[in-house]
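Student: File coords22.pdb follows (PDB, C-alpha atoms and all ligand atoms):
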```
ATOM      1  CA  MET A 132       8.124 -33.554   3.753
ATOM      2  CA  VAL A 133       6.354 -31.534   1.081
ATOM      3  CA  TRP A 134       3.260 -29.667   2.121
ATOM      4  CA  GLN A 135       1.501 -27.365  -0.282
ATOM      5  CA  GLY A 136      -1.749 -25.373  -0.430
ATOM      6  CA  ALA A 137      -4.128 -25.666   2.511
ATOM      7  CA  ALA A 138      -4.800 -29.389   2.053
ATOM      8  CA  PHE A 139      -4.005 -30.486   5.614
ATOM      9  CA  SER A 140      -6.540 -30.292   8.443
ATOM     10  CA  PRO A 141      -5.525 -28.037  11.363
ATOM     11  CA  LEU A 142      -4.586 -31.133  13.423
ATOM     12  CA  GLN A 143      -2.502 -32.616  10.588
ATOM     13  CA  ALA A 144      -0.795 -29.264  10.076
ATOM     14  CA  ALA A 145      -0.035 -28.896  13.792
ATOM     15  CA  LEU A 146       1.397 -32.435  13.989
ATOM     16  CA  ALA A 147       3.480 -31.929  10.836
ATOM     17  CA  LEU A 148       5.048 -28.764  12.256
ATOM     18  CA  ALA A 149       5.618 -30.333  15.693
ATOM     19  CA  THR A 150       7.347 -33.305  14.062
ATOM     20  CA  CYS A 151       9.826 -30.814  12.566
ATOM     21  CA  GLY A 152      10.514 -29.471  16.077
ATOM     22  CA  ILE A 153       8.363 -26.352  15.691
ATOM     23  CA  PRO A 154       6.184 -25.664  18.773
ATOM     24  CA  VAL A 155       2.532 -25.045  17.944
ATOM     25  CA  CYS A 156      -0.401 -23.601  19.848
ATOM     26  CA  PRO A 157      -4.158 -23.691  19.091
ATOM     27  CA  TYR A 158      -5.657 -20.264  18.392
ATOM     28  CA  HIS A 159      -9.257 -19.121  18.286
ATOM     29  CA  TYR A 160     -11.048 -19.654  14.978
ATOM     30  CA  PRO A 161     -14.126 -18.505  13.028
ATOM     31  CA  ARG A 162     -17.396 -20.042  14.165
ATOM     32  CA  MET A 163     -20.941 -19.674  12.806
ATOM     33  CA  ASP A 164     -23.227 -17.880  15.250
ATOM     34  CA  GLY A 165     -26.920 -18.423  14.578
ATOM     35  CA  SER A 166     -28.213 -16.758  17.740
ATOM     36  CA  GLY A 167     -29.103 -13.420  16.076
ATOM     37  CA  TRP A 168     -31.583 -12.549  13.321
ATOM     38  CA  VAL A 169     -28.926 -13.292  10.718
ATOM     39  CA  ALA A 170     -26.323 -16.043  11.082
ATOM     40  CA  SER A 171     -22.804 -14.613  11.073
ATOM     41  CA  MET A 172     -19.202 -15.650  11.672
ATOM     42  CA  VAL A 173     -17.762 -14.783  15.075
ATOM     43  CA  CYS A 174     -14.464 -15.426  16.857
ATOM     44  CA  SER A 175     -14.724 -18.620  18.902
ATOM     45  CA  CYS A 176     -13.838 -16.640  22.058
ATOM     46  CA  ASP A 177     -17.426 -15.289  21.847
ATOM     47  CA  ARG A 178     -16.401 -11.819  22.998
ATOM     48  CA  PRO A 179     -18.663  -9.404  21.115
ATOM     49  CA  GLN A 180     -15.816  -6.984  20.526
ATOM     50  CA  CYS A 181     -12.842  -9.311  20.198
ATOM     51  CA  LEU A 182      -9.842  -7.155  19.258
ATOM     52  CA  GLN A 183      -7.925  -9.961  17.518
ATOM     53  CA  PRO A 184     -10.582 -12.162  15.919
ATOM     54  CA  CYS A 185      -9.275 -15.695  15.209
ATOM     55  CA  ALA A 186      -5.733 -14.571  16.051
ATOM     56  CA  HIS A 187      -5.282 -15.130  19.783
ATOM     57  CA  PRO A 188      -4.401 -18.233  21.813
ATOM     58  CA  LEU A 189      -6.965 -20.726  23.120
ATOM     59  CA  PRO A 190      -4.987 -21.984  26.174
ATOM     60  CA  PRO A 191      -5.324 -19.765  29.265
ATOM     61  CA  ASP A 192      -1.533 -19.374  29.505
ATOM     62  CA  GLY A 193      -1.360 -18.143  25.933
ATOM     63  CA  LEU A 194       1.466 -18.810  23.502
ATOM     64  CA  ALA A 195       3.613 -20.046  26.412
ATOM     65  CA  ALA A 196       1.602 -23.285  26.141
ATOM     66  CA  ALA A 197       3.004 -23.985  22.646
ATOM     67  CA  THR A 198       4.510 -27.464  22.401
ATOM     68  CA  THR A 199       5.878 -30.169  20.112
ATOM     69  CA  ASP A 200       4.208 -32.885  22.252
ATOM     70  CA  CYS A 201       1.988 -34.786  19.785
ATOM     71  CA  ASP A 202      -0.310 -36.193  22.520
ATOM     72  CA  ARG A 203      -0.965 -32.701  23.853
ATOM     73  CA  ILE A 204      -1.597 -31.439  20.319
ATOM     74  CA  ARG A 205      -4.091 -34.252  19.587
ATOM     75  CA  PHE A 206      -5.859 -33.474  22.885
ATOM     76  CA  TRP A 207      -6.209 -29.778  22.003
ATOM     77  CA  TRP A 208      -7.522 -30.345  18.480
ATOM     78  CA  GLN A 209      -9.895 -33.143  19.605
ATOM     79  CA  ASP A 210     -11.613 -30.486  21.693
ATOM     80  CA  HIS A 211     -11.390 -27.821  18.963
ATOM     81  CA  PRO A 212     -10.965 -29.468  15.529
ATOM     82  CA  ASP A 213     -11.244 -26.111  13.733
ATOM     83  CA  ALA A 214      -8.725 -24.273  15.937
ATOM     84  CA  ASN A 215      -6.228 -22.143  14.033
ATOM     85  CA  VAL A 216      -2.572 -23.224  14.164
ATOM     86  CA  ALA A 217       0.025 -20.782  15.487
ATOM     87  CA  LEU A 218       3.686 -21.726  15.192
ATOM     88  CA  VAL A 219       6.482 -20.318  17.350
ATOM     89  CA  THR A 220       9.350 -18.712  15.438
ATOM     90  CA  GLY A 221      13.004 -18.418  16.441
ATOM     91  CA  ILE A 222      13.701 -22.098  17.174
ATOM     92  CA  VAL A 223      13.574 -24.011  13.884
ATOM     93  CA  CYS A 224      12.665 -21.089  11.650
ATOM     94  CA  ASP A 225      12.287 -17.327  11.502
ATOM     95  CA  VAL A 226       9.607 -15.725   9.346
ATOM     96  CA  ILE A 227       9.712 -12.467   7.405
ATOM     97  CA  ASP A 228       6.128 -11.241   7.336
ATOM     98  CA  THR A 229       5.162  -8.651   4.692
ATOM     99  CA  ASP A 230       2.136  -6.755   3.429
ATOM    100  CA  PRO A 231       0.488  -8.162   0.243
ATOM    101  CA  ASP A 232       2.154  -5.823  -2.277
ATOM    102  CA  THR A 233       5.668  -6.101  -0.842
ATOM    103  CA  GLY A 234       5.347  -9.888  -0.621
ATOM    104  CA  ARG A 235       4.144 -10.237  -4.215
ATOM    105  CA  ARG A 236       7.092  -8.239  -5.531
ATOM    106  CA  ALA A 237       9.590 -10.091  -3.358
ATOM    107  CA  PHE A 238       8.169 -13.492  -4.305
ATOM    108  CA  LYS A 239       8.448 -12.625  -8.011
ATOM    109  CA  ALA A 240      12.091 -11.609  -7.555
ATOM    110  CA  LEU A 241      12.914 -14.663  -5.459
ATOM    111  CA  THR A 242      11.385 -17.113  -7.952
ATOM    112  CA  ARG A 243      13.642 -15.638 -10.676
ATOM    113  CA  ARG A 244      16.720 -16.583  -8.643
ATOM    114  CA  SER A 245      18.171 -20.074  -8.526
ATOM    115  CA  SER A 246      18.403 -20.110  -4.730
ATOM    116  CA  GLY A 247      17.263 -18.315  -1.607
ATOM    117  CA  LEU A 248      13.566 -19.194  -1.679
ATOM    118  CA  GLY A 249      12.326 -21.354   1.169
ATOM    119  CA  PRO A 250       8.769 -22.124   2.228
ATOM    120  CA  VAL A 251       6.350 -19.255   1.600
ATOM    121  CA  ALA A 252       2.792 -18.987   2.902
ATOM    122  CA  ARG A 253       0.032 -16.443   2.361
ATOM    123  CA  THR A 254      -2.277 -15.701   5.258
ATOM    124  CA  GLY A 255      -6.045 -15.416   4.928
ATOM    125  CA  THR A 256      -5.639 -11.626   4.949
ATOM    126  CA  GLY A 257      -3.161 -11.739   2.018
ATOM    127  CA  ARG A 258       0.088 -11.188   3.937
ATOM    128  CA  TRP A 259       3.153 -13.126   2.811
ATOM    129  CA  LEU A 260       5.243 -15.238   5.195
ATOM    130  CA  PHE A 261       8.786 -16.051   4.014
ATOM    131  CA  PHE A 262      10.355 -18.817   6.130
ATOM    132  CA  THR A 263      14.104 -18.720   6.839
ATOM    133  CA  ALA A 264      16.657 -20.448   9.042
ATOM    134  CA  PRO A 265      16.605 -19.068  12.609
ATOM    135  CA  SER A 266      18.702 -15.954  13.201
ATOM    136  CA  GLY A 267      18.835 -16.457  16.983
ATOM    137  CA  ARG A 268      17.619 -12.867  17.407
ATOM    138  CA  PRO A 269      14.356 -11.342  18.628
ATOM    139  CA  GLY A 270      11.922 -10.045  16.057
ATOM    140  CA  ALA A 271      12.224  -6.587  14.504
ATOM    141  CA  VAL A 272      10.153  -4.211  12.438
ATOM    142  CA  LEU A 273      12.053  -3.711   9.155
ATOM    143  CA  ALA A 274       9.493  -1.346   7.651
ATOM    144  CA  ASP A 275       6.536   0.052   9.540
ATOM    145  CA  GLY A 276       4.100   0.850   6.729
ATOM    146  CA  ASP A 277       4.246   4.502   7.628
ATOM    147  CA  ASP A 278       4.320   6.875   4.665
ATOM    148  CA  ALA A 279       3.819  10.580   4.344
ATOM    149  CA  THR A 280       2.284  10.182   0.880
ATOM    150  CA  THR A 281      -1.189   8.978   0.034
ATOM    151  CA  ARG A 282      -0.493   5.248   0.022
ATOM    152  CA  PRO A 283       0.956   3.230   2.890
ATOM    153  CA  GLY A 284       4.594   2.177   2.685
ATOM    154  CA  PRO A 285       5.909  -1.376   2.967
ATOM    155  CA  LEU A 286       5.134  -3.231   6.169
ATOM    156  CA  VAL A 287       7.805  -5.825   6.895
ATOM    157  CA  ARG A 288       8.227  -7.616  10.217
ATOM    158  CA  TRP A 289      10.930 -10.082  11.109
ATOM    159  CA  ARG A 290       9.513 -12.747  13.451
ATOM    160  CA  GLY A 291      12.377 -14.277  15.435
ATOM    161  CA  LEU A 292      12.801 -15.467  19.034
ATOM    162  CA  ASP A 293       9.486 -15.558  20.948
ATOM    163  CA  GLY A 294       7.535 -14.585  17.849
ATOM    164  CA  SER A 295       4.684 -16.449  16.204
ATOM    165  CA  VAL A 296       2.651 -16.592  13.010
ATOM    166  CA  LEU A 297      -0.540 -18.351  11.983
ATOM    167  CA  ALA A 298       0.266 -21.327   9.738
ATOM    168  CA  PRO A 299      -1.873 -22.854   6.974
ATOM    169  CA  PRO A 300      -4.735 -23.741   7.033
ATOM    170  CA  SER A 301      -5.623 -21.109   9.696
ATOM    171  CA  ARG A 302      -8.696 -19.076   8.745
ATOM    172  CA  THR A 303      -9.799 -15.480   9.208
ATOM    173  CA  LEU A 304     -13.196 -14.343  10.416
ATOM    174  CA  LEU A 305     -14.271 -14.196   6.747
ATOM    175  CA  GLY A 306     -13.251 -17.839   6.348
ATOM    176  CA  ASN A 307     -10.195 -17.201   4.126
ATOM    177  CA  SER A 308      -7.516 -19.823   4.715
ATOM    178  CA  ALA A 309      -3.756 -19.405   4.885
ATOM    179  CA  ARG A 310      -2.050 -21.463   2.140
ATOM    180  CA  TRP A 311       1.442 -22.532   1.140
ATOM    181  CA  THR A 312       2.502 -20.658  -1.992
ATOM    182  CA  HIS A 313       5.878 -22.413  -2.004
ATOM    183  CA  PRO A 314       5.834 -25.771  -0.208
ATOM    184  CA  PHE A 315       6.841 -26.192   3.382
ATOM    185  CA  ALA A 316      10.217 -27.901   3.797
ATOM    186  CA  THR A 317      12.804 -28.055   6.534
ATOM    187  CA  GLU A 318      15.588 -26.814   4.247
ATOM    188  CA  LEU A 319      15.565 -23.096   4.990
ATOM    189  CA  PRO A 320      17.382 -20.140   3.400
ATOM    190  CA  ASP A 321      19.762 -17.777   5.191
ATOM    191  CA  PRO A 322      17.619 -15.091   6.898
ATOM    192  CA  TYR A 323      19.914 -12.143   6.117
ATOM    193  CA  GLU A 324      20.265 -13.105   2.466
ATOM    194  CA  LEU A 325      16.506 -13.365   2.136
ATOM    195  CA  ALA A 326      15.945 -10.045   3.905
ATOM    196  CA  GLN A 327      18.427  -8.432   1.518
ATOM    197  CA  VAL A 328      16.742  -9.879  -1.577
ATOM    198  CA  LEU A 329      13.384  -8.881  -0.209
ATOM    199  CA  THR A 330      14.351  -5.273   0.405
ATOM    200  CA  ASP A 331      16.075  -5.055  -2.998
ATOM    201  CA  ALA A 332      12.950  -6.428  -4.652
ATOM    202  CA  VAL A 333      10.740  -3.916  -2.927
ATOM    203  CA  THR A 334      12.804  -0.967  -4.000
ATOM    204  CA  ALA A 335      14.606  -1.857  -7.244
ATOM    205  CA  THR A 336      11.625  -1.411  -9.535
ATOM    206  CA  ASP A 337      10.684   2.116  -8.565
ATOM    207  CA  ASP A 338      13.175   4.992  -8.801
ATOM    208  CA  GLN A 339      10.839   7.262  -6.885
ATOM    209  CA  GLU A 340      11.025   5.086  -3.817
ATOM    210  CA  THR A 341      14.538   5.986  -2.723
ATOM    211  CA  GLY A 342      13.129   7.170   0.610
ATOM    212  CA  ARG A 343      11.562   3.802   1.137
ATOM    213  CA  LEU A 344      14.833   2.107   0.141
ATOM    214  CA  ALA A 345      16.725   4.011   2.795
ATOM    215  CA  ARG A 346      14.093   3.231   5.426
ATOM    216  CA  LEU A 347      13.920  -0.451   4.533
ATOM    217  CA  MET A 348      17.628  -1.062   4.228
ATOM    218  CA  ALA A 349      18.735   0.660   7.418
ATOM    219  CA  PRO A 350      17.253  -1.910   9.836
ATOM    220  CA  VAL A 351      18.463  -4.835   7.695
ATOM    221  CA  ARG A 352      21.986  -3.415   7.703
ATOM    222  CA  ARG A 353      21.788  -2.911  11.460
ATOM    223  CA  VAL A 354      20.600  -6.494  12.043
ATOM    224  CA  ARG A 355      23.316  -7.820   9.710
ATOM    225  CA  SER A 356      26.092  -5.919  11.401
ATOM    226  CA  ARG A 357      24.873  -6.943  14.862
ATOM    227  CA  ALA A 358      24.868 -10.582  13.688
ATOM    228  CA  ALA A 359      28.394 -10.205  12.301
ATOM    229  CA  LEU A 360      29.568  -8.811  15.632
ATOM    230  CA  GLY A 361      27.750 -11.410  17.724
TER     231      GLY A 361
HETATM  232 ZN    ZN A 401     -11.532 -13.664  19.862
END
```
Can you turn what I pasted into structure tokens?
Tutor:
Amino acid sequence: MVWQGAAFSPLQAALALATCGIPVCPYHYPRMDGSGWVASMVCSCDRPQCLQPCAHPLPPDGLAAATTDCDRIRFWWQDHPDANVALVTGIVCDVIDTDPDTGRRAFKALTRRSSGLGPVARTGTGRWLFFTAPSGRPGAVLADGDDATTRPGPLVRWRGLDGSVLAPPSRTLLGNSARWTHPFATELPDPYELAQVLTDAVTATDDQETGRLARLMAPVRRVRSRAALG
């Protein structure tokens, strides 16, 4: 299956993922609210001060409701055709989730290589999602975005067992859709190899970022050595 851009409807996207064995769950979504003086977009949960607009589960039991059952999925999206699509990581795929700048640099480096690049999506907020084979491990923060200097450092999260991400064509409150930058496919790269390339890409181009290199590489090395032991 090749799936690019944001061309699929949320229901089609959810069914496509479920068919690959990836559990999905409907999430809240942006909705036009015309009740005030000026029409505006609100989270479909209708809480005036929603803390995670368009990024929290619709079912009462939360992400635990995620399923690959196509009948259940059709039922959910019949009720909420615009619902965002969350996918559960750790079973068929892991996802390395980066800030916009880190992702752009990593994507550039990965496209120059002959292998190692799997499906890549960009979220409506500009984050990059690099899909890999499952590591069998829980998620981890590889770089926390913390930086003592004026600009924030790289923010890199590994989404593994029990994790989730919003898949294309999920939308933000501003209406920006997640899209596939490199098409979705079930052939997935080795997670540790991709994490290594990603951290190299982030750090190789800037000699002044040796501090960041050390911070980024340490967790990857730890995860790698734990995997080698286990
Ligand atoms: Zn909400």
Student: Taking (0.6, -34.7, 18.6) in the file's own coordinates, collect the residues within 10 Å, counting all atoms listed in the file, and hand them back as a PyMOL selection string.
Tutor: chain A and resi 142-143+145-150+155+198-208
Student: Would you export the selected residues with C-alpha atoms as a PDB file, in the frame of the given file, please?
Tutor:
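Dumped to part-v4.pdb:
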```
ATOM      1  CA  LEU A 142      -4.586 -31.133  13.423  1.00  0.00           C
ATOM      2  CA  GLN A 143      -2.502 -32.616  10.588  1.00  0.00           C
ATOM      3  CA  ALA A 145      -0.035 -28.896  13.792  1.00  0.00           C
ATOM      4  CA  LEU A 146       1.397 -32.435  13.989  1.00  0.00           C
ATOM      5  CA  ALA A 147       3.480 -31.929  10.836  1.00  0.00           C
ATOM      6  CA  LEU A 148       5.048 -28.764  12.256  1.00  0.00           C
ATOM      7  CA  ALA A 149       5.618 -30.333  15.693  1.00  0.00           C
ATOM      8  CA  THR A 150       7.347 -33.305  14.062  1.00  0.00           C
ATOM      9  CA  VAL A 155       2.532 -25.045  17.944  1.00  0.00           C
ATOM     10  CA  THR A 198       4.510 -27.464  22.401  1.00  0.00           C
ATOM     11  CA  THR A 199       5.878 -30.169  20.112  1.00  0.00           C
ATOM     12  CA  ASP A 200       4.208 -32.885  22.252  1.00  0.00           C
ATOM     13  CA  CYS A 201       1.988 -34.786  19.785  1.00  0.00           C
ATOM     14  CA  ASP A 202      -0.310 -36.193  22.520  1.00  0.00           C
ATOM     15  CA  ARG A 203      -0.965 -32.701  23.853  1.00  0.00           C
ATOM     16  CA  ILE A 204      -1.597 -31.439  20.319  1.00  0.00           C
ATOM     17  CA  ARG A 205      -4.091 -34.252  19.587  1.00  0.00           C
ATOM     18  CA  PHE A 206      -5.859 -33.474  22.885  1.00  0.00           C
ATOM     19  CA  TRP A 207      -6.209 -29.778  22.003  1.00  0.00           C
ATOM     20  CA  TRP A 208      -7.522 -30.345  18.480  1.00  0.00           C
TER      21      TRP A 208
END
```
Student: Give me, as a VMD selection string, the set of residues whose atoms come within 12 Å of any atom of ligand ZN 401 (chain A), counting all atoms listed in the file.
Tutor: chain A and resid 158 to 162 172 to 189 214 to 215 303 to 304
Student: Could you write out as JSON, numbers by chain the residues that the PyMOL selection byres (((chain A and resi 305-315) around 9) and not hetatm) matches in the shown file?
Tutor: {"A": [132, 133, 134, 135, 136, 137, 138, 161, 172, 248, 249, 250, 251, 252, 253, 254, 255, 256, 257, 259, 262, 297, 298, 299, 300, 301, 302, 303, 304, 316, 317, 318]}
Student: Write out as a PDB file with C-alpha atoms, in the coordinates of the input the residues lying within 7 Å of Pro285 in chain A, counting all atoms listed in the file and excluding same-chain residues fewer than 3 positions away.
Tutor:
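The new file around_16.pdb reads:
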```pdb
ATOM      1  CA  ASP A 230       2.136  -6.755   3.429  1.00  0.00           C
ATOM      2  CA  THR A 233       5.668  -6.101  -0.842  1.00  0.00           C
ATOM      3  CA  ALA A 274       9.493  -1.346   7.651  1.00  0.00           C
ATOM      4  CA  ASP A 275       6.536   0.052   9.540  1.00  0.00           C
ATOM      5  CA  GLY A 276       4.100   0.850   6.729  1.00  0.00           C
TER       6      GLY A 276
END
```
Student: Using CA of Leu292 in chain A and CA of Pro269 in chain A as the two end points, give the distance in Å to one decimal.
Tutor: 4.4 Å
Student: Please measure the separation of CA of Asp293 in chain A and CA of Asp331 in chain A, giving the value in Å to one decimal.
Tutor: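 Computing the Euclidean distance for CA of Asp293 in chain A and CA of Asp331 in chain A yields 27.0 Å.
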Student: Around the point (15.7, -16.0, 4.3) in the file's coordinates, collect all residues with an atom within 7 Å, using all atoms listed in the file, and return them as a count of residues only.
Tutor: 12
Student: Can you tell me how far CA of Val219 in chain A sits from CA of Arg290 in chain A, in Å to one decimal?
Tutor: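 Atom-to-atom, CA of Val219 in chain A and CA of Arg290 in chain A are spaced 9.0 Å apart.
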Student: For range 213-244 of chain A, which lacks atoms in the input, supply N, CA and C atoms and format the output as a tab-separated table (two decimals), in the coordinates of the input.
Tutor:
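Resulting contents of selection-v7.tsv:
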```tsv
chain	number	residue	atom	x	y	z
A	213	ASP	N	-11.42	-27.22	14.69
A	213	ASP	CA	-11.24	-26.11	13.73
A	213	ASP	C	-10.26	-25.06	14.24
A	214	ALA	N	-9.62	-25.30	15.38
A	214	ALA	CA	-8.72	-24.27	15.94
A	214	ALA	C	-7.64	-23.90	14.94
A	215	ASN	N	-7.34	-22.60	14.86
A	215	ASN	CA	-6.23	-22.14	14.03
A	215	ASN	C	-4.90	-22.65	14.61
A	216	VAL	N	-3.87	-22.67	13.77
A	216	VAL	CA	-2.57	-23.22	14.16
A	216	VAL	C	-1.54	-22.10	14.19
A	217	ALA	N	-1.07	-21.76	15.39
A	217	ALA	CA	0.02	-20.78	15.49
A	217	ALA	C	1.32	-21.56	15.66
A	218	LEU	N	2.37	-21.11	15.00
A	218	LEU	CA	3.69	-21.73	15.19
A	218	LEU	C	4.62	-20.70	15.81
A	219	VAL	N	5.53	-21.19	16.66
A	219	VAL	CA	6.48	-20.32	17.35
A	219	VAL	C	7.73	-20.19	16.49
A	220	THR	N	8.15	-18.95	16.25
A	220	THR	CA	9.35	-18.71	15.44
A	220	THR	C	10.58	-18.63	16.35
A	221	GLY	N	11.76	-18.64	15.70
A	221	GLY	CA	13.00	-18.42	16.44
A	221	GLY	C	13.72	-19.69	16.85
A	222	ILE	N	13.06	-20.85	16.73
A	222	ILE	CA	13.70	-22.10	17.17
A	222	ILE	C	14.18	-22.90	15.96
A	223	VAL	N	13.23	-23.29	15.11
A	223	VAL	CA	13.57	-24.01	13.88
A	223	VAL	C	13.60	-23.06	12.69
A	224	CYS	N	12.76	-22.02	12.78
A	224	CYS	CA	12.66	-21.09	11.65
A	224	CYS	C	12.34	-19.69	12.15
A	225	ASP	N	12.78	-18.69	11.37
A	225	ASP	CA	12.29	-17.33	11.50
A	225	ASP	C	11.33	-17.10	10.34
A	226	VAL	N	10.55	-16.05	10.43
A	226	VAL	CA	9.61	-15.72	9.35
A	226	VAL	C	9.69	-14.23	9.07
A	227	ILE	N	9.82	-13.87	7.80
A	227	ILE	CA	9.71	-12.47	7.40
A	227	ILE	C	8.31	-12.28	6.85
A	228	ASP	N	7.58	-11.40	7.51
A	228	ASP	CA	6.13	-11.24	7.34
A	228	ASP	C	5.90	-9.89	6.65
A	229	THR	N	5.30	-9.91	5.44
A	229	THR	CA	5.16	-8.65	4.69
A	229	THR	C	3.71	-8.38	4.31
A	230	ASP	N	3.45	-7.12	3.96
A	230	ASP	CA	2.14	-6.76	3.43
A	230	ASP	C	1.97	-7.40	2.05
A	231	PRO	N	0.73	-7.45	1.50
A	231	PRO	CA	0.49	-8.16	0.24
A	231	PRO	C	1.33	-7.66	-0.93
A	232	ASP	N	1.45	-6.36	-1.11
A	232	ASP	CA	2.15	-5.82	-2.28
A	232	ASP	C	3.65	-6.10	-2.20
A	233	THR	N	4.23	-5.84	-1.03
A	233	THR	CA	5.67	-6.10	-0.84
A	233	THR	C	5.97	-7.58	-1.07
A	234	GLY	N	5.13	-8.44	-0.50
A	234	GLY	CA	5.35	-9.89	-0.62
A	234	GLY	C	5.28	-10.35	-2.05
A	235	ARG	N	4.31	-9.82	-2.81
A	235	ARG	CA	4.14	-10.24	-4.22
A	235	ARG	C	5.39	-9.88	-5.02
A	236	ARG	N	5.90	-8.67	-4.79
A	236	ARG	CA	7.09	-8.24	-5.53
A	236	ARG	C	8.32	-9.05	-5.12
A	237	ALA	N	8.44	-9.31	-3.84
A	237	ALA	CA	9.59	-10.09	-3.36
A	237	ALA	C	9.51	-11.52	-3.87
A	238	PHE	N	8.33	-12.10	-3.86
A	238	PHE	CA	8.17	-13.49	-4.30
A	238	PHE	C	8.55	-13.62	-5.78
A	239	LYS	N	8.12	-12.64	-6.58
A	239	LYS	CA	8.45	-12.62	-8.01
A	239	LYS	C	9.96	-12.62	-8.20
A	240	ALA	N	10.63	-11.73	-7.43
A	240	ALA	CA	12.09	-11.61	-7.56
A	240	ALA	C	12.78	-12.89	-7.09
A	241	LEU	N	12.29	-13.46	-6.01
A	241	LEU	CA	12.91	-14.66	-5.46
A	241	LEU	C	12.74	-15.86	-6.39
A	242	THR	N	11.60	-15.96	-7.06
A	242	THR	CA	11.38	-17.11	-7.95
A	242	THR	C	12.26	-17.01	-9.21
A	243	ARG	N	12.75	-15.80	-9.52
A	243	ARG	CA	13.64	-15.64	-10.68
A	243	ARG	C	15.06	-16.08	-10.34
A	244	ARG	N	15.37	-16.18	-9.05
A	244	ARG	CA	16.72	-16.58	-8.64
A	244	ARG	C	16.81	-18.10	-8.54
```
